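Engineer: The following file, final.cif, comprises mmCIF, C-alpha atoms:
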data_start
loop_
_atom_site.label_atom_id
_atom_site.label_comp_id
_atom_site.auth_asym_id
_atom_site.auth_seq_id
_atom_site.Cartn_x
_atom_site.Cartn_y
_atom_site.Cartn_z
CA MET P 1 -0.07 -2.48 -24.96
CA ALA P 2 -2.57 -4.34 -27.15
CA GLU P 3 0.23 -6.16 -28.97
CA LEU P 4 1.74 -7.20 -25.64
CA LYS P 5 -1.63 -8.57 -24.50
CA GLU P 6 -2.00 -10.61 -27.69
CA ARG P 7 1.58 -11.89 -27.38
CA LEU P 8 1.46 -12.77 -23.68
CA LEU P 9 -2.06 -14.17 -23.48
CA PRO P 10 -2.58 -17.49 -25.30
CA PRO P 11 -5.63 -17.88 -27.57
CA LYS P 12 -8.61 -19.38 -25.77
CA PRO P 13 -10.42 -22.39 -27.21
CA GLN P 14 -14.06 -22.16 -28.25
CA SER P 15 -15.10 -24.30 -25.28
CA ALA P 16 -13.58 -21.84 -22.84
CA ILE P 17 -15.41 -18.95 -24.54
CA ASN P 18 -18.70 -20.84 -24.31
CA LEU P 19 -18.08 -21.61 -20.66
CA ARG P 20 -17.41 -17.94 -19.95
CA ASP P 21 -20.57 -16.82 -21.78
CA ALA P 22 -22.64 -19.39 -19.91
CA ALA P 23 -21.16 -18.29 -16.61
CA TYR P 24 -21.99 -14.63 -17.33
CA ARG P 25 -25.57 -15.51 -18.33
CA SER P 26 -26.09 -17.65 -15.24
CA SER P 27 -24.74 -15.02 -12.84
CA ALA P 28 -27.14 -13.11 -10.63
CA PRO P 29 -28.56 -9.88 -12.08
CA GLY P 30 -26.60 -6.78 -11.09
CA ARG P 31 -23.50 -8.75 -10.10
CA GLN P 32 -20.36 -7.79 -11.99
CA PRO P 33 -17.87 -10.48 -13.05
CA PHE P 34 -14.15 -10.24 -12.22
CA GLN P 35 -12.63 -7.29 -14.00
CA GLY P 36 -9.03 -7.27 -15.21
CA MET P 37 -8.40 -10.97 -14.51
CA ASP P 38 -8.67 -13.90 -16.88
CA VAL P 39 -9.96 -16.45 -14.37
CA LEU P 40 -10.39 -19.21 -16.93
CA GLY P 41 -6.85 -18.66 -18.13
CA LEU P 42 -5.49 -18.60 -14.60
CA LYS P 43 -6.92 -21.88 -13.42
CA LYS P 44 -8.31 -24.70 -15.51
CA ARG P 45 -10.79 -27.05 -13.99
CA GLY P 46 -9.59 -30.60 -13.50
CA GLN P 47 -5.94 -29.77 -14.28
CA GLY P 48 -4.99 -27.20 -11.63
CA LEU P 49 -2.86 -25.34 -14.17
CA ARG P 50 -2.25 -21.64 -14.00
CA SER P 51 -0.95 -19.32 -16.66
CA TRP P 52 2.26 -17.48 -15.72
CA ILE P 53 4.31 -14.84 -17.50
CA ARG P 54 7.99 -15.73 -17.31
CA VAL P 55 10.66 -13.06 -17.82
CA ASP P 56 14.27 -14.24 -17.82
CA ALA P 57 17.46 -12.29 -17.13
CA SER P 58 17.82 -11.38 -20.82
CA GLY P 59 14.42 -9.72 -20.97
CA ASN P 60 12.69 -12.47 -22.94
CA SER P 61 9.10 -13.21 -21.91
CA GLN P 62 6.89 -16.18 -22.52
CA VAL P 63 3.65 -17.63 -21.20
CA ILE P 64 3.89 -20.95 -19.39
CA GLU P 65 1.24 -23.11 -17.72
CA VAL P 66 2.41 -24.68 -14.48
CA ASP P 67 0.46 -26.35 -11.71
CA LYS P 68 0.83 -25.40 -8.07
CA PHE P 69 3.04 -28.30 -6.95
CA THR P 70 5.42 -27.89 -9.87
CA MET P 71 5.79 -24.21 -9.00
CA MET P 72 6.47 -25.13 -5.38
CA ARG P 73 9.25 -27.52 -6.41
CA ARG P 74 10.62 -25.12 -8.99
CA CYS P 75 10.97 -22.17 -6.61
CA ASP P 76 11.31 -24.16 -3.36
CA LEU P 77 8.34 -22.38 -1.79
CA PRO P 78 5.71 -23.60 0.69
CA ALA P 79 2.04 -23.57 -0.23
CA ARG P 80 1.22 -20.64 2.05
CA ASP P 81 3.58 -18.39 0.08
CA LEU P 82 1.88 -19.25 -3.21
CA ARG P 83 -1.45 -18.56 -1.56
CA LEU P 84 -0.40 -14.91 -1.22
CA LEU P 85 -0.37 -14.65 -5.02
CA ASP P 86 -3.89 -16.00 -5.51
CA PRO P 87 -5.92 -13.25 -7.24
CA LEU P 88 -9.18 -14.59 -5.81
CA PHE P 89 -8.10 -13.62 -2.29
CA VAL P 90 -7.14 -10.26 -0.83
CA TYR P 91 -3.93 -10.21 1.21
CA PRO P 92 -1.99 -7.21 2.53
CA SER P 93 1.21 -6.13 0.82
CA THR P 94 4.04 -8.53 1.59
CA ILE P 95 7.69 -9.00 0.58
CA LEU P 96 9.10 -12.38 1.64
CA GLY P 97 12.69 -13.53 1.18
CA ARG P 98 13.11 -17.30 0.88
CA GLU P 99 16.00 -19.62 0.14
CA LYS P 100 15.69 -19.53 -3.66
CA ALA P 101 13.04 -16.91 -4.36
CA ILE P 102 11.47 -13.62 -3.32
CA VAL P 103 7.67 -13.56 -3.05
CA ILE P 104 6.18 -10.13 -3.76
CA ASN P 105 2.59 -9.06 -3.24
CA LEU P 106 2.44 -5.31 -3.82
CA GLU P 107 -0.97 -4.09 -4.93
CA GLN P 108 -1.50 -5.47 -8.47
CA ILE P 109 2.06 -6.80 -8.74
CA ARG P 110 2.10 -10.41 -7.54
CA CYS P 111 5.18 -12.28 -8.64
CA ILE P 112 7.98 -14.67 -7.72
CA ILE P 113 11.54 -13.50 -8.29
CA THR P 114 14.41 -15.98 -8.52
CA ALA P 115 18.04 -15.50 -9.43
CA ASP P 116 17.30 -16.19 -13.12
CA GLU P 117 13.65 -15.32 -13.81
CA VAL P 118 10.50 -13.52 -12.75
CA LEU P 119 7.18 -15.35 -12.69
CA LEU P 120 3.94 -13.33 -12.71
CA LEU P 121 0.39 -14.53 -12.77
CA ASN P 122 -0.96 -13.94 -16.26
CA SER P 123 -3.33 -11.00 -15.85
CA LEU P 124 -5.14 -8.48 -18.01
CA ASP P 125 -4.38 -5.68 -15.56
CA SER P 126 -2.64 -2.75 -17.23
CA TYR P 127 -0.26 -2.30 -14.30
CA VAL P 128 0.96 -5.91 -14.63
CA LEU P 129 1.57 -5.43 -18.35
CA GLN P 130 3.37 -2.15 -17.65
CA TYR P 131 5.54 -3.98 -15.13
CA VAL P 132 6.48 -6.59 -17.73
CA VAL P 133 7.26 -3.92 -20.34
CA GLU P 134 9.34 -1.83 -17.93
CA LEU P 135 11.26 -4.87 -16.67
CA GLN P 136 12.02 -6.00 -20.22
CA ARG P 137 13.16 -2.49 -21.14
CA ARG P 138 15.56 -2.28 -18.21
CA LEU P 139 16.93 -5.76 -18.71
CA THR P 140 17.53 -5.26 -22.43
CA THR P 141 19.01 -1.76 -22.16
CA SER P 142 21.35 -2.68 -19.30
CA GLY P 143 23.20 -5.26 -21.39
CA VAL P 144 25.09 -2.72 -23.51
CA GLY P 145 26.80 0.34 -22.08
CA GLU P 146 29.94 2.14 -21.12
CA VAL P 147 31.87 1.55 -17.91
CA TRP P 148 34.42 4.04 -16.65
CA GLN P 149 37.33 2.50 -14.75
CA SER P 150 39.59 4.86 -12.78
CA ASP P 151 43.03 3.80 -11.61
CA ALA P 152 45.61 5.64 -9.56
CA ALA P 153 47.38 7.00 -12.63
CA ASP P 154 44.93 7.21 -15.50
CA LEU P 155 41.26 7.04 -16.47
CA SER P 156 40.29 4.69 -19.29
CA LEU P 157 37.00 4.06 -21.08
CA ARG P 158 35.82 0.54 -21.75
CA ARG P 159 33.12 0.03 -24.39
CA GLY P 160 31.30 -3.00 -25.60
CA SER P 161 28.68 -5.61 -24.85
CA ARG P 162 28.53 -7.03 -21.34
CA SER P 163 26.62 -9.98 -19.99
CA PHE P 164 24.77 -9.94 -16.69
CA ASP P 165 27.69 -11.61 -14.89
CA ASN P 166 30.06 -8.89 -16.06
CA VAL P 167 27.68 -6.19 -14.92
CA PHE P 168 27.21 -7.87 -11.58
CA GLY P 169 30.94 -8.31 -11.18
CA SER P 170 31.46 -4.57 -11.46
CA THR P 171 31.96 -2.69 -8.20
CA SER P 172 29.81 0.21 -9.39
CA PRO P 173 26.66 0.71 -7.31
CA ASP P 174 24.68 1.48 -10.50
CA TYR P 175 24.52 -2.20 -11.45
CA LEU P 176 22.33 -4.42 -9.30
CA PRO P 177 21.78 -8.17 -9.53
CA PHE P 178 18.77 -9.45 -11.40
CA GLU P 179 16.53 -9.99 -8.38
CA PHE P 180 17.15 -6.46 -7.11
CA ARG P 181 16.31 -4.93 -10.49
CA ALA P 182 13.07 -6.90 -10.63
CA LEU P 183 12.32 -5.86 -7.03
CA GLU P 184 13.05 -2.24 -7.90
CA VAL P 185 10.58 -2.28 -10.81
CA ALA P 186 7.93 -3.86 -8.56
CA LEU P 187 8.46 -1.24 -5.84
CA GLU P 188 8.38 1.53 -8.42
CA ALA P 189 5.12 0.23 -9.91
CA ALA P 190 3.46 -0.09 -6.50
CA CYS P 191 4.63 3.32 -5.28
CA THR P 192 3.58 4.97 -8.56
CA PHE P 193 0.15 3.34 -8.42
CA LEU P 194 -0.47 4.41 -4.82
CA ASP P 195 0.84 7.92 -5.46
CA SER P 196 -1.43 8.31 -8.49
CA GLN P 197 -4.43 7.22 -6.44
CA ALA P 198 -3.48 9.70 -3.70
CA ALA P 199 -3.18 12.48 -6.29
CA GLU P 200 -6.61 11.65 -7.76
CA LEU P 201 -8.09 11.66 -4.27
CA GLU P 202 -6.56 15.08 -3.58
CA ILE P 203 -7.93 16.53 -6.81
CA GLU P 204 -11.40 15.30 -5.88
CA ALA P 205 -11.26 16.12 -2.17
CA TYR P 206 -10.26 19.78 -1.91
CA PRO P 207 -13.04 21.26 -4.13
CA LEU P 208 -15.61 19.05 -2.42
CA LEU P 209 -14.51 20.15 1.05
CA ASP P 210 -14.55 23.82 0.01
CA GLU P 211 -18.07 23.36 -1.34
CA LEU P 212 -19.14 21.74 1.92
CA THR P 213 -17.86 24.66 4.00
CA SER P 214 -19.85 27.10 1.88
CA LYS P 215 -23.02 24.99 1.73
CA ILE P 216 -23.83 22.32 4.27
CA SER P 217 -26.24 19.84 2.73
CA THR P 218 -27.06 16.17 3.03
CA LEU P 219 -25.67 15.45 -0.45
CA ASN P 220 -22.32 17.10 0.29
CA LEU P 221 -22.04 15.35 3.64
CA GLU P 222 -22.66 11.98 1.98
CA ARG P 223 -20.00 12.66 -0.65
CA VAL P 224 -17.49 13.63 2.03
CA ARG P 225 -18.32 10.48 3.98
CA ARG P 226 -17.56 8.31 0.93
CA LEU P 227 -14.41 10.28 0.28
CA LYS P 228 -13.22 9.75 3.84
CA SER P 229 -13.88 6.00 3.57
CA ARG P 230 -11.73 5.82 0.44
CA LEU P 231 -9.05 7.87 2.15
CA VAL P 232 -8.94 5.55 5.16
CA ALA P 233 -8.70 2.45 2.93
CA LEU P 234 -5.93 3.98 0.79
CA THR P 235 -4.03 5.16 3.87
CA ARG P 236 -4.15 1.65 5.29
CA ARG P 237 -2.70 0.20 2.08
CA VAL P 238 0.05 2.81 1.88
CA GLN P 239 0.86 2.30 5.56
CA LYS P 240 1.17 -1.45 5.01
CA VAL P 241 3.64 -1.01 2.13
CA ARG P 242 5.63 1.49 4.20
CA ASP P 243 5.72 -0.84 7.21
CA GLU P 244 6.82 -3.74 5.01
CA ILE P 245 9.74 -1.75 3.57
CA GLU P 246 10.69 -0.44 7.00
CA GLN P 247 10.62 -3.94 8.46
CA LEU P 248 12.99 -5.15 5.74
CA MET P 249 15.34 -2.21 6.34
CA ASP P 250 15.45 -2.94 10.08
CA ASP P 251 16.31 -6.64 9.65
CA ASP P 252 19.75 -7.31 8.14
CA GLY P 253 19.09 -11.05 8.07
CA ASP P 254 16.03 -10.67 5.83
CA MET P 255 17.94 -8.38 3.47
CA ALA P 256 20.86 -10.83 3.27
CA GLU P 257 18.38 -13.65 2.59
CA MET P 258 17.14 -11.80 -0.50
CA TYR P 259 20.56 -11.89 -2.19
CA LEU P 260 19.68 -14.81 -4.44
CA THR P 261 22.47 -14.41 -7.01
CA GLU P 262 25.18 -14.51 -4.37
CA LYS P 263 23.65 -17.57 -2.72
CA LYS P 264 23.45 -19.30 -6.08
CA LYS P 265 27.10 -18.53 -6.78
CA ARG P 266 28.14 -19.83 -3.36
CA MET P 267 26.24 -23.05 -3.96
CA GLU P 268 27.87 -23.51 -7.37
CA THR P 269 31.31 -22.74 -5.97
CA SER P 270 30.83 -25.20 -3.12
CA PHE P 271 29.59 -27.85 -5.56
CA TYR P 272 32.58 -27.40 -7.88
CA GLY P 273 34.94 -27.33 -4.88
CA ASP P 274 33.58 -30.64 -3.62
CA GLN P 275 33.95 -32.11 -7.08
CA SER P 276 37.58 -30.95 -7.27
CA VAL P 277 38.34 -32.41 -3.84
CA MET P 278 36.76 -35.71 -4.83
CA GLY P 279 38.76 -35.69 -8.07
CA TYR P 280 41.96 -34.94 -6.20
CA ARG P 281 41.22 -37.69 -3.74
CA SER P 282 40.62 -40.24 -6.50
CA THR P 283 43.85 -39.18 -8.26
CA ASP P 284 45.75 -39.38 -5.00
CA CYS P 285 44.40 -42.84 -4.29
CA ALA P 286 45.37 -43.98 -7.81
CA SER P 287 48.92 -42.66 -7.39
CA ILE P 288 49.39 -44.51 -4.15
CA SER P 289 47.78 -47.73 -5.30
CA ALA P 290 50.94 -49.65 -4.34
CA PRO P 291 52.27 -47.91 -1.23
CA VAL P 292 55.23 -49.00 0.79
CA SER P 293 53.29 -48.67 4.01
CA PRO P 294 49.56 -49.10 3.34
CA VAL P 295 48.67 -48.44 6.96
CA SER P 296 50.05 -44.88 7.08
CA SER P 297 48.73 -43.54 3.75
CA PRO P 298 44.98 -43.10 4.51
CA PRO P 299 45.51 -40.77 7.49
CA GLU P 300 47.70 -38.48 5.37
CA ALA P 301 45.03 -38.27 2.67
CA ARG P 302 42.39 -37.53 5.29
CA LYS P 303 44.57 -34.80 6.83
CA LEU P 304 45.14 -33.20 3.44
CA GLU P 305 41.42 -33.33 2.64
CA LYS P 306 40.56 -31.85 6.03
CA SER P 307 43.04 -29.01 5.64
CA LEU P 308 41.70 -28.21 2.17
CA SER P 309 38.14 -28.26 3.47
CA ILE P 310 39.00 -25.93 6.36
CA ALA P 311 40.81 -23.48 4.05
CA ARG P 312 37.95 -23.54 1.57
CA SER P 313 35.33 -22.95 4.28
CA ARG P 314 37.32 -20.03 5.70
CA HIS P 315 37.67 -18.49 2.25
CA GLU P 316 33.97 -18.97 1.51
CA SER P 317 32.95 -17.51 4.87
CA MET P 318 35.11 -14.43 4.30
CA ARG P 319 33.72 -13.94 0.81
CA SER P 320 30.16 -14.49 1.95
CA SER P 321 30.50 -12.01 4.82
CA GLU P 322 31.98 -9.35 2.55
CA SER P 323 29.40 -9.90 -0.18
CA ALA P 324 26.58 -10.00 2.38
CA THR P 325 27.66 -6.67 3.82
CA GLU P 326 27.88 -5.16 0.35
CA SER P 327 24.53 -6.61 -0.73
CA ILE P 328 22.86 -5.35 2.42
CA GLU P 329 24.15 -1.86 1.67
CA GLU P 330 22.92 -2.04 -1.93
CA LEU P 331 19.49 -3.37 -0.96
CA GLU P 332 19.23 -0.94 1.94
CA MET P 333 19.90 2.00 -0.38
CA LEU P 334 17.29 0.65 -2.82
CA LEU P 335 14.68 0.19 -0.10
CA GLU P 336 15.48 3.56 1.44
CA ALA P 337 14.85 5.35 -1.86
CA TYR P 338 11.37 3.87 -2.21
CA PHE P 339 10.73 4.26 1.51
CA VAL P 340 11.11 8.01 0.99
CA VAL P 341 8.65 7.87 -1.93
CA ILE P 342 5.99 5.89 -0.06
CA ASP P 343 6.51 8.01 3.05
CA SER P 344 5.87 11.12 0.95
CA THR P 345 2.62 9.56 -0.30
CA LEU P 346 1.64 8.75 3.28
CA ASN P 347 2.38 12.33 4.36
CA LYS P 348 0.20 13.56 1.50
CA LEU P 349 -2.69 11.39 2.68
CA THR P 350 -2.10 12.44 6.27
CA SER P 351 -2.30 16.11 5.26
CA LEU P 352 -5.53 15.42 3.40
CA LYS P 353 -6.98 13.67 6.45
CA GLU P 354 -5.99 16.62 8.64
CA TYR P 355 -7.70 18.97 6.18
CA ILE P 356 -10.85 16.84 6.36
CA ASP P 357 -10.70 16.88 10.17
CA ASP P 358 -10.29 20.67 10.13
CA THR P 359 -13.28 20.95 7.81
CA GLU P 360 -15.32 18.77 10.14
CA ASP P 361 -14.32 20.96 13.10
CA PHE P 362 -15.30 24.08 11.17
CA ILE P 363 -18.67 22.58 10.27
CA ASN P 364 -19.24 21.55 13.89
CA ILE P 365 -18.46 25.12 14.98
CA GLN P 366 -20.96 26.44 12.46
CA LEU P 367 -23.60 23.99 13.65
CA ASP P 368 -22.92 24.91 17.28
CA ASN P 369 -23.32 28.57 16.41
CA VAL P 370 -26.67 27.91 14.73
CA ARG P 371 -27.73 25.81 17.69
CA ASN P 372 -26.83 28.63 20.09
CA GLN P 373 -28.82 31.10 18.03
CA LEU P 374 -31.85 28.81 18.20
CA ILE P 375 -31.48 28.54 21.96
CA GLN P 376 -31.30 32.34 22.29
CA PHE P 377 -34.37 32.73 20.13
CA GLU P 378 -36.15 30.17 22.27
CA LEU P 379 -35.29 32.16 25.40
CA LEU P 380 -36.67 35.37 23.90
CA LEU P 381 -39.78 33.58 22.75
CA THR P 382 -40.32 32.11 26.22
CA THR P 383 -39.92 35.54 27.82
CA ALA P 384 -42.38 37.11 25.39
CA THR P 385 -44.85 34.33 26.08
CA PHE P 386 -44.55 35.08 29.81
CA VAL P 387 -45.25 38.79 29.20
CA VAL P 388 -48.30 37.97 27.09
CA ALA P 389 -49.47 35.64 29.84
CA ILE P 390 -49.60 38.63 32.20
CA PHE P 391 -52.30 40.21 30.04
CA GLY P 392 -54.17 36.91 30.12
CA VAL P 393 -54.07 36.85 33.91
CA VAL P 394 -55.41 40.41 34.15
CA ALA P 395 -58.16 39.64 31.65
CA GLY P 396 -59.09 36.54 33.58
CA ILE P 397 -59.34 38.43 36.83
CA PHE P 398 -61.54 41.20 35.43
CA GLY P 399 -63.66 38.71 33.58
CA MET P 400 -65.04 37.12 36.70
CA ASN P 401 -68.72 37.58 37.52
CA PHE P 402 -68.57 40.04 40.42
CA SER P 403 -69.24 43.74 40.75
CA ILE P 404 -66.72 46.32 42.03
CA PRO P 405 -66.73 50.13 41.91
CA LEU P 406 -63.85 50.09 39.38
CA PHE P 407 -66.22 48.79 36.71
CA ASP P 408 -68.29 51.97 37.00
CA ASP P 409 -65.29 54.24 36.24
CA PRO P 410 -65.18 55.14 32.50
CA GLY P 411 -61.32 55.33 32.37
CA ALA P 412 -60.66 52.16 34.37
CA PHE P 413 -60.04 49.99 31.29
CA LYS P 414 -57.45 52.41 29.94
CA TRP P 415 -55.49 52.50 33.20
CA VAL P 416 -55.57 48.71 33.59
CA LEU P 417 -54.23 48.32 30.05
CA ILE P 418 -51.43 50.88 30.63
CA ILE P 419 -50.35 49.37 33.94
CA SER P 420 -50.35 45.82 32.52
CA GLY P 421 -48.28 46.90 29.47
CA VAL P 422 -45.70 48.76 31.55
CA THR P 423 -45.40 45.83 33.94
CA GLY P 424 -44.88 43.38 31.07
CA ALA P 425 -42.25 45.63 29.46
CA ILE P 426 -40.37 45.92 32.78
CA ILE P 427 -40.43 42.14 33.24
CA PHE P 428 -39.23 41.52 29.64
CA SER P 429 -36.39 44.04 30.04
CA ALA P 430 -35.40 42.42 33.30
CA PHE P 431 -35.20 38.99 31.66
CA VAL P 432 -33.11 40.34 28.74
CA TRP P 433 -30.70 42.07 31.13
CA PHE P 434 -30.38 38.87 33.15
CA PHE P 435 -29.60 36.81 30.05
CA LYS P 436 -26.90 39.27 28.96
CA TYR P 437 -25.47 39.46 32.45
CA ARG P 438 -25.18 35.68 32.56
CA ARG P 439 -23.76 35.74 28.99
CA LEU P 440 -26.62 33.62 27.72
CA MET P 441 -27.06 36.11 24.85
CA PRO P 442 -24.54 38.15 22.81
CA LEU P 443 -24.09 41.72 23.93
#
Could you rewrite the structure in this file as C-alpha cells?

Structural biologist:
Amino acid sequence: MAELKERLLPPKPQSAINLRDAAYRSSAPGRQPFQGMDVLGLKKRGQGLRSWIRVDASGNSQVIEVDKFTMMRRCDLPARDLRLLDPLFVYPSTILGREKAIVINLEQIRCIITADEVLLLNSLDSYVLQYVVELQRRLTTSGVGEVWQSDAADLSLRRGSRSFDNVFGSTSPDYLPFEFRALEVALEAACTFLDSQAAELEIEAYPLLDELTSKISTLNLERVRRLKSRLVALTRRVQKVRDEIEQLMDDDGDMAEMYLTEKKKRMETSFYGDQSVMGYRSTDCASISAPVSPVSSPPEARKLEKSLSIARSRHESMRSSESATESIEELEMLLEAYFVVIDSTLNKLTSLKEYIDDTEDFINIQLDNVRNQLIQFELLLTTATFVVAIFGVVAGIFGMNFSIPLFDDPGAFKWVLIISGVTGAIIFSAFVWFFKYRRLMPL
C-alpha cells in the first residue's frame, strides 16, 4: 500500500510543503485539518488543476493533472455531475449514467467510468487505493484464461491470451465489459465498507446495551445516545445506496444508458458505414462520369444510397435492441447481487435498531416500576402522617386551659392514649385496605 501511494502520488514541491505548514500553523486551535485528502494536490491555486488517477482497460494506472473544463470535454459531462465528485462537499450516494460516462459517488469511491478508462480523484484514503489495486488485479488477471466452447457434437478447450474485445465478444455471462467491471469493484468496495461499519457498530452496541439494562446510569445513557446517533446516520447512508441500486434496477432506460462499450461500438460502426457509403458514392460518380443520359443517373444513385441507408439502419436497430436487452440482463444481475448484499446490511442495522428500541422499552418499564413504588410509598407516608395527626389533635384538645372532671381521674391519660392509638390503627388499616381494593398497591 505504501509503494502504491508513492507511485500514484506525485512528489510535492518545497513551496507546497511550506504552504501546508503555514496553513496548519495559522489554523484555529483545536481544529483538525482534512484527513485522508491531499487538498493541495487536488486543486492548485491559480491553475484550477486537479490530480486524477487514471486506470485504463489494461490495468495500467497513472496520475494526470486535468482542469475542470478539460474533464468536462473529455467525458462529455456537465458541471453539476463533476460537482458530485468534489471532496470538499458532502453529497449522497449517486450513480448516474450519461452518454459517454458513468458518474459514481459511493462513500469514499468517487470516480468517472468511461468505455476505456476510470478516472478517480487522487486521494490518500485507503479505500480508494484498495479500489485501484483491486481494479488493476481484476483487469490484469482477466486477460489470460481458458474458455470452454460447447457445440452440439463435441466439447473443445481453447487456451491462450485474449484481449478485452475477445472477452467481451464471448457469450459467457462471466465476462463483463470494462465499465461494468469497474462498476462492480466500486459497488463491492462501498458495500464492504458499509458492512464493516455495521459490524463494528454491532460489536460495540450489544455489550453496551446489556450493561445499560443491568445498570442505568447517566454515563451509559449518554453512550447509548451517541451510539443511536451513529446508527441513524449509517442507516441513512445504507438506505441511500440501496435506493440508488433499486432505482437503477427499476429503470431499463437508465441501465441501457450505462452500456458504454456497446454505444461506442455502434458509433464506430455508424461512422465506418457512412464512410463506406460516401466512398461507394464517389466511386459510382466516377464510373458514370460520362453517362448516356445525365438526367436519369442521379436519381438512381440516390435510390441506391437510400436503400443502403435503410438496410443499415434496420440492421443497426436490430443489433442495438438485442445487445441492449442482453446488457440490461447482465447489469440487472450485477445490481441484483449487490442489492442483496446492501439489503442484508440494512436488515442488520434494522435489527440493531429494534434491539435498541426494545432496550429503551425495557428501561422505561423499569423506570415506571420504580416510579410506581415511589407513589405507593408516598401514599403510605401520607396515611401515617394522618394517623400521627390524630394524636396531635387529641393533645391539642387536652392542652387547652380549662378544667374538667376527667383531669382529676388518675387513669384518664392512659385511656385517652389507648383510645387514640386504636382509632389511628383502625384508620390506617382502612386506608391500606382501600388502596389494595382500588389496586393502588400490590396485594

Engineer: For the file shown, what are the residues hit by the PyMOL selection byres ((chain P and resi 431) around 12), laid out as a ChimeraX atom specification?

Structural biologist: /P:379-384,386-387,424-430,432-438,440-441

Engineer: Suppose you want the space between atom CA of P:Thr345 and atom CA of P:Leu82; what is it in Å?

Structural biologist: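 Atom-to-atom, atom CA of P:Thr345 to atom CA of P:Leu82, that is 29.0 Å.
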
Engineer: Given the file shown, enumerate the residues that the PyMOL selection byres ((chain P and resi 92) around 10) captures and present them as a ChimeraX atom specification.

Structural biologist: /P:84,90-91,93-94,105-107,236-237,240-241,244

Engineer: Report, in Å with one decimal, the straight-line distance from atom CA of P:Leu96 to atom CA of P:Glu329.

Structural biologist: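 The value is 18.4 Å.
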
Engineer: What does the structure give for the distance between atom CA of P:Asn347 and atom CA of P:Ala198, in Å to one decimal?

Structural biologist: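 Separating atom CA of P:Asn347 from atom CA of P:Ala198 is a distance of 10.3 Å.
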
Engineer: Taking the file as shown, find all residues satisfying the PyMOL selection byres ((chain P and resi 190) around 10) and write them as a PyMOL selection string.

Structural biologist: chain P and resi 93+105-109+127+131+184-189+191-196+238+241+338+342

Engineer: Restricting the calculation to all atoms listed in the file, which member of P:Ile104, P:Ile356, P:Leu119, P:Ile95 is positioned closest to P:Cys75?

Structural biologist: P:Leu119

Engineer: Find, counting only C-alpha atoms, the residue in P:Ala115, P:Ile418, P:Leu135, P:Leu124 that gets nearest to P:Val55.

Structural biologist: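 Smallest distance to P:Val55 is found for P:Leu135.
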
Engineer: Need the axis-aligned box for stretch 410-416 of chain P with 3 Å each side, so what are the centre and edges in Å to one decimal, as AutoDock Vina command-line options?

Structural biologist:
--center_x -60.3 --center_y 52.0 --center_z 32.2 --size_x 15.7 --size_y 12.6 --size_z 10.4
